[in-house]
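Structure below is structure-v3.cif: mmCIF, C-alpha atoms.
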data_coords
loop_
_atom_site.label_atom_id
_atom_site.label_comp_id
_atom_site.auth_asym_id
_atom_site.auth_seq_id
_atom_site.Cartn_x
_atom_site.Cartn_y
_atom_site.Cartn_z
CA MET M 1 7.83 34.94 0.88
CA GLU M 2 11.11 33.87 -0.63
CA SER M 3 10.97 30.44 1.01
CA SER M 4 7.38 29.97 -0.17
CA GLU M 5 8.36 30.80 -3.73
CA GLU M 6 11.29 28.42 -3.53
CA GLU M 7 8.97 25.66 -2.30
CA LEU M 8 6.61 26.32 -5.20
CA GLN M 9 9.49 26.31 -7.68
CA ALA M 10 10.83 23.06 -6.18
CA LEU M 11 7.40 21.44 -6.62
CA LEU M 12 7.22 22.50 -10.27
CA SER M 13 10.78 21.25 -10.87
CA ARG M 14 10.07 17.88 -9.27
CA LEU M 15 7.04 17.45 -11.51
CA ARG M 16 8.99 18.71 -14.54
CA LEU M 17 6.56 21.61 -14.97
CA GLU M 18 9.05 24.50 -14.68
CA ARG M 19 7.97 25.82 -18.07
CA PHE M 20 4.55 26.65 -16.64
CA ALA M 21 5.87 28.64 -13.66
CA GLU M 22 5.00 32.06 -15.07
CA GLU M 23 1.50 30.99 -16.13
CA VAL M 24 0.79 29.67 -12.64
CA LYS M 25 1.99 32.90 -11.03
CA THR M 26 -0.44 34.93 -13.14
CA LEU M 27 -3.21 33.37 -11.06
CA GLY M 28 -1.74 34.95 -7.94
CA VAL M 29 -0.13 31.72 -6.74
CA GLU M 30 2.87 32.68 -4.61
CA SER M 31 3.34 29.47 -2.64
CA ARG M 32 2.49 25.79 -2.73
CA ALA M 33 -0.33 26.38 -0.25
CA ASP M 34 -1.98 28.80 -2.69
CA LEU M 35 -2.59 25.90 -5.09
CA ALA M 36 -5.45 24.83 -2.81
CA TYR M 37 -7.46 27.74 -4.21
CA VAL M 38 -6.83 26.82 -7.84
CA GLU M 39 -9.25 24.66 -9.84
CA ASP M 40 -8.74 22.63 -12.96
CA ALA M 41 -10.73 25.14 -15.00
CA ASP M 42 -8.34 27.93 -13.97
CA LEU M 43 -5.31 26.05 -15.26
CA GLU M 44 -7.15 25.02 -18.40
CA LYS M 45 -7.77 28.68 -19.26
CA LEU M 46 -4.03 29.29 -19.05
CA GLY M 47 -3.48 26.66 -21.74
CA LEU M 48 -1.93 23.98 -19.55
CA PRO M 49 -2.42 20.50 -21.07
CA LEU M 50 -4.52 17.90 -19.26
CA VAL M 51 -1.74 15.78 -17.71
CA PRO M 52 0.30 18.71 -16.29
CA ARG M 53 -2.91 20.08 -14.74
CA ARG M 54 -3.61 16.76 -13.05
CA LYS M 55 -0.04 16.41 -11.77
CA LEU M 56 0.04 19.88 -10.29
CA LEU M 57 -3.26 19.70 -8.44
CA GLU M 58 -2.66 16.12 -7.32
CA ALA M 59 0.72 17.04 -5.82
CA ALA M 60 -0.95 19.89 -3.95
CA GLY M 61 -3.16 17.33 -2.20
CA GLY M 62 -6.35 18.28 -4.00
CA GLN M 63 -8.57 16.85 -6.73
CA TRP M 64 -8.28 18.16 -10.26
CA ARG M 65 -11.82 17.45 -11.42
CA LYS M 66 -14.05 20.42 -12.29
CA ALA M 67 -16.70 21.49 -9.83
CA PRO M 68 -20.00 19.72 -10.57
CA ALA M 69 -22.96 21.69 -11.88
CA PRO M 70 -25.45 22.80 -9.20
CA ALA M 71 -28.09 20.15 -8.53
CA ALA M 72 -31.73 20.83 -9.35
CA ALA M 73 -33.79 22.19 -6.48
CA THR M 74 -35.99 19.11 -6.45
CA ALA M 75 -33.09 16.68 -6.31
CA PRO M 76 -32.66 14.96 -2.94
CA SER M 77 -29.48 15.94 -1.14
CA LEU M 78 -26.88 13.33 -0.32
CA PRO M 79 -26.00 12.67 3.30
CA SER M 80 -22.79 14.31 4.47
CA SER M 81 -19.63 12.35 3.74
CA PRO M 82 -19.03 9.66 6.36
CA ALA M 83 -15.30 10.17 5.99
CA THR M 84 -15.54 13.11 8.43
CA ALA M 85 -16.47 10.70 11.23
CA PRO M 86 -13.80 9.47 13.68
CA ALA M 87 -11.43 6.93 12.19
CA LEU M 88 -12.38 4.22 14.70
CA PRO M 89 -14.74 2.44 14.26
CA PRO M 90 -16.31 2.66 10.75
CA ALA M 91 -19.02 5.31 10.68
CA PRO M 92 -22.61 4.02 10.56
CA ALA M 93 -23.42 6.81 8.10
CA ALA M 94 -21.83 4.70 5.39
CA GLU M 95 -25.02 2.68 4.93
CA PRO M 96 -26.90 5.30 2.83
CA GLU M 97 -24.12 5.11 0.24
CA GLU M 98 -24.85 1.51 -0.72
CA PRO M 99 -27.73 2.38 -3.13
CA GLU M 100 -25.17 4.20 -5.29
CA GLY M 101 -23.84 0.83 -6.40
CA GLU M 102 -27.32 -0.27 -7.44
CA GLU M 103 -27.47 2.50 -10.06
CA LEU M 104 -24.64 0.90 -12.02
CA THR M 105 -25.45 -1.47 -14.84
CA GLY M 106 -23.62 -3.83 -17.15
CA LEU M 107 -19.83 -3.84 -17.03
CA ALA M 108 -19.64 -1.06 -14.43
CA LYS M 109 -21.80 -3.09 -12.04
CA GLU M 110 -19.65 -6.20 -12.52
CA GLU M 111 -16.46 -4.23 -11.93
CA MET M 112 -17.90 -2.65 -8.79
CA GLU M 113 -18.86 -6.05 -7.40
CA GLN M 114 -15.34 -7.34 -8.04
CA LEU M 115 -13.79 -4.27 -6.37
CA LEU M 116 -15.92 -4.77 -3.27
CA ARG M 117 -15.01 -8.47 -3.11
CA ASP M 118 -11.30 -7.68 -3.43
CA LEU M 119 -11.27 -4.53 -1.30
CA ARG M 120 -9.04 -5.93 1.43
CA ASN M 121 -6.30 -6.84 -1.03
CA ILE M 122 -6.62 -3.52 -2.85
CA ARG M 123 -6.24 -1.60 0.42
CA GLU M 124 -3.13 -3.65 1.17
CA ASP M 125 -1.62 -2.81 -2.23
CA PHE M 126 -2.43 0.90 -1.89
CA ALA M 127 -0.87 1.08 1.57
CA THR M 128 2.22 -0.77 0.38
CA VAL M 129 2.87 1.22 -2.79
CA ASN M 130 2.46 4.54 -0.93
CA CYS M 131 4.36 3.48 2.23
CA LEU M 132 1.47 4.44 4.52
CA ASP M 133 2.16 4.50 8.24
CA LEU M 134 0.14 2.48 10.75
CA SER M 135 -2.29 5.32 11.48
CA SER M 136 -3.03 5.88 7.79
CA ARG M 137 -3.50 2.16 7.18
CA SER M 138 -5.99 2.07 10.02
CA ARG M 139 -7.83 5.09 8.64
CA LEU M 140 -8.00 3.55 5.18
CA GLY M 141 -9.25 0.26 6.61
CA ASN M 142 -12.06 2.01 8.47
CA LEU M 143 -13.39 4.02 5.54
CA PRO M 144 -16.71 2.89 4.03
CA ALA M 145 -16.10 0.69 0.98
CA ARG M 146 -17.01 3.16 -1.76
CA VAL M 147 -15.31 6.07 -0.02
CA ALA M 148 -12.14 3.96 0.21
CA LEU M 149 -12.30 3.12 -3.50
CA ARG M 150 -12.83 6.78 -4.35
CA THR M 151 -9.93 7.77 -2.10
CA MET M 152 -7.64 5.26 -3.80
CA GLY M 153 -8.54 6.55 -7.27
CA LEU M 154 -10.52 3.51 -8.40
CA LEU M 155 -13.86 5.33 -8.61
CA GLY M 156 -14.34 8.44 -10.71
CA THR M 157 -11.48 10.67 -11.77
CA GLY M 158 -8.98 12.95 -10.08
CA ASN M 159 -7.14 10.70 -7.63
CA SER M 160 -4.20 8.47 -8.41
CA PHE M 161 -3.53 5.02 -6.95
CA PHE M 162 0.21 5.75 -6.67
CA MET M 163 0.67 9.14 -4.99
CA GLU M 164 3.91 10.01 -6.76
CA GLY M 165 5.77 13.08 -5.53
CA ILE M 166 3.58 13.59 -2.44
CA LYS M 167 5.78 14.09 0.61
CA LYS M 168 3.01 13.55 3.15
CA PRO M 169 0.81 10.67 1.96
CA ALA M 170 -1.02 10.59 5.31
CA ALA M 171 -2.22 14.17 4.81
CA ALA M 172 -3.18 13.46 1.20
CA LEU M 173 -5.14 10.38 2.28
CA ARG M 174 -7.05 12.38 4.87
CA ALA M 175 -7.85 15.19 2.42
CA ARG M 176 -9.05 12.72 -0.23
CA SER M 177 -11.28 10.79 2.14
CA GLU M 178 -12.82 13.91 3.66
CA ASN M 179 -13.64 15.33 0.22
CA ALA M 180 -14.70 12.08 -1.44
CA LYS M 181 -17.85 12.34 -3.56
CA ILE M 182 -19.18 9.07 -4.91
CA LYS M 183 -22.43 9.95 -6.65
CA GLY M 184 -22.22 9.07 -10.33
CA MET M 185 -18.69 7.66 -10.01
CA GLU M 186 -17.88 4.46 -11.91
CA PRO M 187 -14.97 2.06 -11.56
CA TYR M 188 -11.74 2.75 -13.40
CA GLN M 189 -12.96 5.94 -15.08
CA ASP M 190 -9.41 7.24 -15.01
CA TRP M 191 -7.70 3.99 -15.99
CA VAL M 192 -5.07 5.87 -18.02
CA LYS M 193 -3.96 7.64 -14.83
CA LEU M 194 -3.83 4.27 -13.07
CA LEU M 195 -1.56 3.02 -15.84
CA GLU M 196 0.74 6.02 -15.45
CA GLY M 197 1.03 5.27 -11.74
CA PHE M 198 1.72 1.60 -12.48
CA VAL M 199 4.62 2.57 -14.73
CA ALA M 200 6.04 5.00 -12.17
CA ALA M 201 5.67 2.70 -9.15
CA ASN M 202 7.40 -0.20 -10.90
CA LYS M 203 10.00 2.07 -12.59
CA LEU M 204 9.39 0.48 -15.96
CA SER M 205 11.48 1.19 -19.05
CA ASP M 206 10.28 3.38 -21.91
CA ARG M 207 9.93 0.29 -24.08
CA THR M 208 7.59 -1.40 -21.62
CA LYS M 209 5.73 1.85 -21.07
CA GLU M 210 5.04 2.17 -24.79
CA ALA M 211 3.77 -1.40 -24.91
CA LEU M 212 1.41 -0.70 -22.00
CA GLU M 213 0.07 2.43 -23.67
CA ARG M 214 -1.07 0.35 -26.63
CA LEU M 215 -3.28 -1.87 -24.46
CA SER M 216 -7.03 -1.62 -24.33
CA ARG M 217 -8.76 -0.71 -21.07
CA HIS M 218 -9.64 -4.37 -20.42
CA GLN M 219 -6.07 -5.52 -21.03
CA ALA M 220 -4.50 -2.74 -18.97
CA LEU M 221 -6.62 -3.52 -15.90
CA LYS M 222 -5.53 -7.16 -16.07
CA VAL M 223 -1.84 -6.30 -16.39
CA MET M 224 -2.06 -3.89 -13.43
CA GLY M 225 -3.61 -6.68 -11.36
CA PHE M 226 -6.99 -5.10 -10.63
CA THR M 227 -8.97 -7.74 -12.53
CA SER M 228 -6.45 -10.60 -12.52
CA GLU M 229 -5.69 -10.99 -8.79
CA LEU M 230 -2.05 -9.96 -9.26
CA ARG M 231 -0.13 -7.32 -7.31
CA PHE M 232 0.10 -3.68 -8.37
CA LEU M 233 3.76 -3.76 -7.34
CA ALA M 234 5.01 -6.36 -9.77
CA GLY M 235 8.19 -7.19 -7.88
CA PRO M 236 11.52 -5.81 -6.61
CA VAL M 237 12.47 -2.85 -8.77
CA TYR M 238 16.21 -2.44 -8.54
CA ARG M 239 16.91 -6.10 -9.37
CA GLY M 240 14.82 -5.86 -12.53
CA GLU M 241 12.18 -8.37 -11.43
CA ALA M 242 9.32 -5.90 -11.81
CA GLU M 243 10.28 -5.23 -15.43
CA LEU M 244 10.43 -8.95 -16.22
CA GLU M 245 7.13 -9.63 -14.46
CA VAL M 246 5.30 -6.88 -16.35
CA ARG M 247 6.65 -8.09 -19.69
CA THR M 248 5.41 -11.57 -18.83
CA ARG M 249 1.97 -10.15 -18.05
CA LEU M 250 2.01 -8.25 -21.34
CA TRP M 251 2.74 -11.42 -23.26
CA ALA M 252 -0.03 -13.27 -21.41
CA VAL M 253 -2.70 -10.65 -22.00
CA GLN M 254 -1.78 -10.20 -25.66
CA SER M 255 -1.76 -13.96 -26.18
CA ASP M 256 -5.07 -14.34 -24.34
CA VAL M 257 -3.41 -16.64 -21.81
CA PRO M 258 -4.94 -16.67 -18.29
CA MET M 259 -2.82 -14.86 -15.70
CA VAL M 260 -3.20 -17.04 -12.64
CA PRO M 261 -1.23 -16.28 -9.45
CA VAL M 262 1.17 -18.98 -8.27
CA LEU M 263 -0.89 -19.19 -5.09
CA PRO M 264 -4.45 -17.79 -5.47
CA ARG M 265 -5.10 -15.08 -2.93
CA GLY M 266 -8.64 -16.14 -2.20
CA LYS M 267 -11.52 -13.71 -2.02
CA GLY M 268 -11.98 -10.73 0.25
CA ASP M 269 -11.43 -11.36 3.94
CA GLU M 270 -10.52 -15.00 3.31
CA ALA M 271 -7.33 -13.96 1.53
CA LYS M 272 -4.20 -14.91 3.42
CA SER M 273 -1.52 -13.23 1.29
CA ARG M 274 -1.30 -11.22 -1.88
CA SER M 275 2.28 -12.13 -2.66
CA PRO M 276 2.25 -15.44 -4.55
CA ARG M 277 6.01 -15.81 -4.81
CA ARG M 278 6.81 -15.24 -1.16
CA ALA M 279 3.73 -17.04 0.09
CA THR M 280 4.75 -20.25 -1.66
CA ARG M 281 8.23 -20.24 -0.17
CA VAL M 282 7.32 -22.28 2.88
CA ILE M 283 10.38 -23.36 4.80
CA ALA M 284 10.07 -26.54 6.83
CA ALA M 285 10.71 -26.09 10.52
CA PRO M 286 13.91 -27.65 11.90
CA SER M 287 13.85 -30.64 14.20
CA SER M 288 13.98 -28.19 17.10
CA VAL M 289 12.31 -24.80 16.89
CA LEU M 290 15.14 -23.38 18.97
CA ASP M 291 17.56 -24.13 16.10
CA GLU M 292 15.65 -21.69 13.90
CA PHE M 293 14.78 -19.23 16.71
CA PRO M 294 17.57 -19.33 19.31
CA HIS M 295 16.65 -15.80 20.37
CA TRP M 296 12.89 -16.26 20.32
CA LYS M 297 12.44 -14.41 23.61
CA LYS M 298 13.89 -11.28 22.02
CA HIS M 299 11.30 -11.55 19.23
CA VAL M 300 8.53 -11.91 21.81
CA GLU M 301 9.68 -8.72 23.54
CA ALA M 302 9.73 -6.87 20.21
CA PHE M 303 6.17 -8.04 19.54
CA ILE M 304 5.03 -6.86 22.97
CA GLU M 305 6.59 -3.43 22.47
CA ALA M 306 5.45 -2.96 18.86
CA ASN M 307 1.84 -3.77 19.75
CA ASN M 308 1.71 -2.12 23.17
CA VAL M 309 0.55 -5.35 24.82
CA ASP M 310 -0.59 -4.94 28.42
CA ASP M 311 1.39 -6.50 31.28
CA ARG M 312 -1.01 -9.37 31.95
CA ALA M 313 -1.07 -10.59 28.33
CA ALA M 314 2.67 -10.01 28.06
CA GLU M 315 3.31 -12.38 30.96
CA LEU M 316 1.07 -15.02 29.35
CA LEU M 317 3.14 -14.74 26.20
CA ARG M 318 6.47 -14.90 28.03
CA ASP M 319 5.35 -18.01 29.94
CA ALA M 320 4.19 -19.85 26.79
CA THR M 321 6.25 -22.57 25.14
CA PRO M 322 8.52 -21.44 22.25
CA MET M 323 6.21 -23.07 19.68
CA ALA M 324 3.08 -21.45 21.12
CA ALA M 325 4.73 -18.05 21.48
CA LEU M 326 6.18 -18.03 17.96
CA HIS M 327 2.85 -19.15 16.52
CA THR M 328 1.07 -16.38 18.44
CA ILE M 329 3.39 -13.60 17.23
CA GLY M 330 3.13 -14.75 13.61
CA LEU M 331 6.62 -16.17 13.02
CA LEU M 332 5.31 -19.73 12.57
CA GLY M 333 2.41 -20.66 10.32
CA VAL M 334 0.07 -18.41 8.35
CA ASP M 335 -2.71 -17.74 10.85
CA ASN M 336 -1.29 -14.70 12.62
CA THR M 337 0.65 -11.53 11.81
CA PHE M 338 3.44 -9.88 13.79
CA LEU M 339 1.85 -6.43 13.85
CA LEU M 340 -1.71 -6.09 15.17
CA ARG M 341 -3.30 -3.55 12.84
CA GLY M 342 -6.41 -1.64 13.88
CA VAL M 343 -6.76 -3.54 17.16
CA ARG M 344 -8.16 -1.74 20.22
CA GLN M 345 -7.28 -4.38 22.81
CA PRO M 346 -3.98 -6.09 21.87
CA GLY M 347 -3.97 -8.07 25.10
CA ALA M 348 -7.29 -9.70 24.31
CA VAL M 349 -6.04 -10.65 20.84
CA VAL M 350 -2.88 -12.19 22.28
CA ALA M 351 -4.86 -14.23 24.81
CA ASN M 352 -7.24 -15.42 22.09
CA ARG M 353 -4.35 -16.45 19.83
CA LEU M 354 -2.72 -18.41 22.64
CA ARG M 355 -5.97 -20.27 23.30
CA LYS M 356 -6.24 -21.25 19.64
CA VAL M 357 -2.75 -22.77 19.43
CA PRO M 358 -3.20 -26.57 19.00
CA PRO M 359 -1.76 -28.86 21.67
CA GLY M 360 1.13 -29.81 19.40
CA GLY M 361 2.15 -26.18 18.97
CA GLY M 362 0.48 -25.43 15.65
CA ALA M 363 2.02 -25.05 12.21
CA ARG M 364 5.81 -25.36 11.91
CA GLU M 365 6.51 -23.30 8.78
CA ALA M 366 9.01 -20.61 9.72
CA PHE M 367 8.45 -17.13 8.25
CA ALA M 368 5.70 -18.44 5.97
CA GLN M 369 4.30 -14.89 5.72
CA LEU M 370 7.58 -13.17 4.97
CA ASN M 371 5.98 -10.51 2.79
CA LYS M 372 3.61 -9.39 5.56
CA LEU M 373 6.42 -9.50 8.12
CA MET M 374 8.49 -7.18 5.92
CA GLU M 375 5.57 -4.75 5.61
CA ASP M 376 5.19 -4.83 9.40
CA PHE M 377 8.88 -3.93 9.75
CA ILE M 378 8.39 -1.01 7.35
CA THR M 379 5.32 0.23 9.23
CA VAL M 380 6.80 -0.06 12.73
CA ASN M 381 9.92 1.86 11.73
CA ARG M 382 8.14 4.36 9.45
CA LEU M 383 10.57 3.86 6.58
CA GLY M 384 10.77 6.27 3.67
CA ALA M 385 10.47 5.46 -0.03
CA GLU M 386 14.14 4.75 -0.72
CA ALA M 387 14.60 2.46 2.29
CA CYS M 388 11.32 0.68 1.44
CA GLU M 389 12.41 0.00 -2.12
CA ARG M 390 15.86 -1.29 -1.20
CA PHE M 391 14.49 -3.45 1.62
CA ARG M 392 11.63 -4.99 -0.38
CA GLY M 393 14.05 -6.12 -3.08
CA LEU M 394 16.16 -8.26 -0.76
CA PRO M 395 16.29 -12.07 -1.01
CA ARG M 396 14.74 -14.01 1.85
CA GLU M 397 17.84 -14.56 4.02
CA GLN M 398 19.06 -10.99 3.68
CA ALA M 399 15.61 -9.60 4.53
CA LEU M 400 15.46 -11.74 7.68
CA ARG M 401 18.95 -10.59 8.68
CA VAL M 402 17.99 -6.93 8.26
CA MET M 403 14.93 -7.42 10.50
CA GLY M 404 17.02 -9.14 13.17
CA PHE M 405 15.86 -12.73 12.60
CA SER M 406 19.26 -14.32 12.03
CA SER M 407 19.49 -17.86 13.37
CA GLN M 408 23.27 -17.75 13.87
CA GLU M 409 23.64 -14.56 15.88
CA GLU M 410 21.56 -12.36 18.14
CA GLY M 411 20.97 -9.98 15.27
CA GLU M 412 19.76 -6.41 15.02
CA PRO M 413 16.69 -5.15 16.92
CA PHE M 414 13.37 -5.26 15.05
CA ILE M 415 12.38 -1.82 16.36
CA ILE M 416 14.97 0.82 15.46
CA LYS M 417 15.54 3.49 18.11
CA GLU M 418 17.82 6.44 18.78
CA VAL M 419 19.03 6.66 15.15
CA SER M 420 17.46 7.45 11.80
CA ALA M 421 15.47 4.37 10.83
CA ASP M 422 16.01 4.95 7.10
CA ALA M 423 19.78 5.36 7.46
CA GLU M 424 19.99 2.32 9.74
CA VAL M 425 18.02 0.11 7.34
CA LEU M 426 20.17 1.19 4.39
CA ARG M 427 23.24 0.34 6.47
CA ARG M 428 21.81 -3.08 7.32
CA VAL M 429 20.92 -3.73 3.68
CA ALA M 430 24.49 -2.97 2.62
CA ALA M 431 25.90 -5.12 5.43
CA SER M 432 23.57 -8.03 4.66
CA SER M 433 24.86 -8.27 1.08
CA ASP M 434 28.41 -8.67 2.40
CA ALA M 435 27.56 -11.20 5.11
CA PRO M 436 28.14 -14.94 4.44
CA ALA M 437 25.04 -17.04 3.67
CA GLU M 438 23.53 -18.84 6.64
#

What's the structure tokens form of this structure?
Amino acid sequence: MESSEEELQALLSRLRLERFAEEVKTLGVESRADLAYVEDADLEKLGLPLVPRRKLLEAAGGQWRKAPAPAAATAPSLPSSPATAPALPPAPAAEPEEPEGEELTGLAKEEMEQLLRDLRNIREDFATVNCLDLSSRSRLGNLPARVALRTMGLLGTGNSFFMEGIKKPAAALRARSENAKIKGMEPYQDWVKLLEGFVAANKLSDRTKEALERLSRHQALKVMGFTSELRFLAGPVYRGEAELEVRTRLWAVQSDVPMVPVLPRGKGDEAKSRSPRRATRVIAAPSSVLDEFPHWKKHVEAFIEANNVDDRAAELLRDATPMAALHTIGLLGVDNTFLLRGVRQPGAVVANRLRKVPPGGGAREAFAQLNKLMEDFITVNRLGAEACERFRGLPREQALRVMGFSSQEEGEPFIIKEVSADAEVLRRVAASSDAPAE
């Protein structure tokens, strides 16, 4: 019992809600697990303000909204939530949900249409800001569209886009998706909560936070990137770039100046990258690919291991020319990624990519999708929040060195084994800042 009470007290302390400890215990809550039986109405009766109630129930992995009133006897029942179906492939039961979008009118309908068009990019942002592992990313990608939006906190109220303080985001994602109710939910109903998460994720100053709180709903959604095709994570935090980026967005929205990405992401599945700054940093290939990738065979082996490629496809990849192999594993050009996400037959994908490589070897831009490569590195090694933040803030050359893509030495392995991945990445980050520029 003592350890359970300590865990509960630690949760309240982390959320800065220690002053409500006694009130919570009057409900019979003796551990963090007991919070699953508490509803928003219970906490409201104790006199807890709205925001502390939301934080507490959100951190417990639940939804803070009040239970809906019983439906009339003549009302048709909704089909059971498709989120309870197996994660792969998407459940066919999702189809009956589509009429829900037809009930929306006016602005809500327009916002829903935009969310559905941009769903792929939104999923990418949600996975990135919450450091989801590969399994959770796959689960999120296979959820029906409206269930995914509800799970990410963009429909209705109760869920946050940035799951601050949640130690097990994978468990929270599963609980949200399995309990998602979409009837009557409209886009951005809880936009104030989205704004709070935006401030926390980007670690913005009090001054910037106050400026954001003065924005209208329309302005806030543009600054957060949901209606302006910008990223929710505004930039590297510890170097101050996120703060500067958000202030620039504030100026633009208050001056009624269009906020256009440096490189437009495109729409839906056609989008290639959601990181304008990194996507535009295309580095011309050297006269010989081997100058840039002297250890390209090592990268091929890392790709094979990370994606569990079968022996037959692995041999095809090993026998390919350096240009074809590097293009196939996503280190040249923008057509392919290093990590195969949500793929059932990696070998078939590898063979198909090799067939599509042009006779001349394909595009020659080295690390043109650096942002996606960095996210693949984070996913493969299951990095925690601190390591993610430090790693994402690195300049291009240092990031490549940390991942083992140095052109002057054999470099570190892409897949970290036998040691703590977080500790090893933090060590590499520190070492990369001391290493001479290539």

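As for atom CA of Phe161 of chain M and atom CA of Glu44 of chain M, they are spaced 23.3 Å apart.
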
Carefully work through the PyMOL selection byres ((chain M and resi 43) around 10) for this structure and note down the residues it includes, as JSON, numbers by chain.
-> {"M": [20, 23, 24, 27, 38, 39, 40, 41, 42, 44, 45, 46, 47, 48, 49, 50, 52, 53, 54, 56, 57, 64]}

Distance atom CA of Leu104 of chain M-atom CA of Glu186 of chain M, one decimal place?
->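 Separation of atom CA of Leu104 of chain M and atom CA of Glu186 of chain M: 7.6 Å.
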
List the neighbours of Asn130 of chain M out to 10 Å using all atoms listed in the file; skip same-chain residues closer than 3 positions along the sequence, and give me the result as a ChimeraX atom specification.
-> /M:125-127,133,161-164,166,168-170,201,384-385,388

Just so the selection is clear, what residues does the PyMOL selection byres ((chain M and resi 346) around 8) cover here, as a PyMOL selection string?
-> chain M and resi 307-310+340+343-345+347-350

Quick one, how far is atom CA of Leu326 of chain M from atom CA of Arg382 of chain M?
-> 24.0 Å

Would you translate the PyMOL selection byres ((chain M and resi 155-160) around 7) into the concrete set of residues it matches in this file, as an NGL selection string?
-> :M and (63-65 or 149-154 or 161-163 or 185-190 or 193-194 or 197)
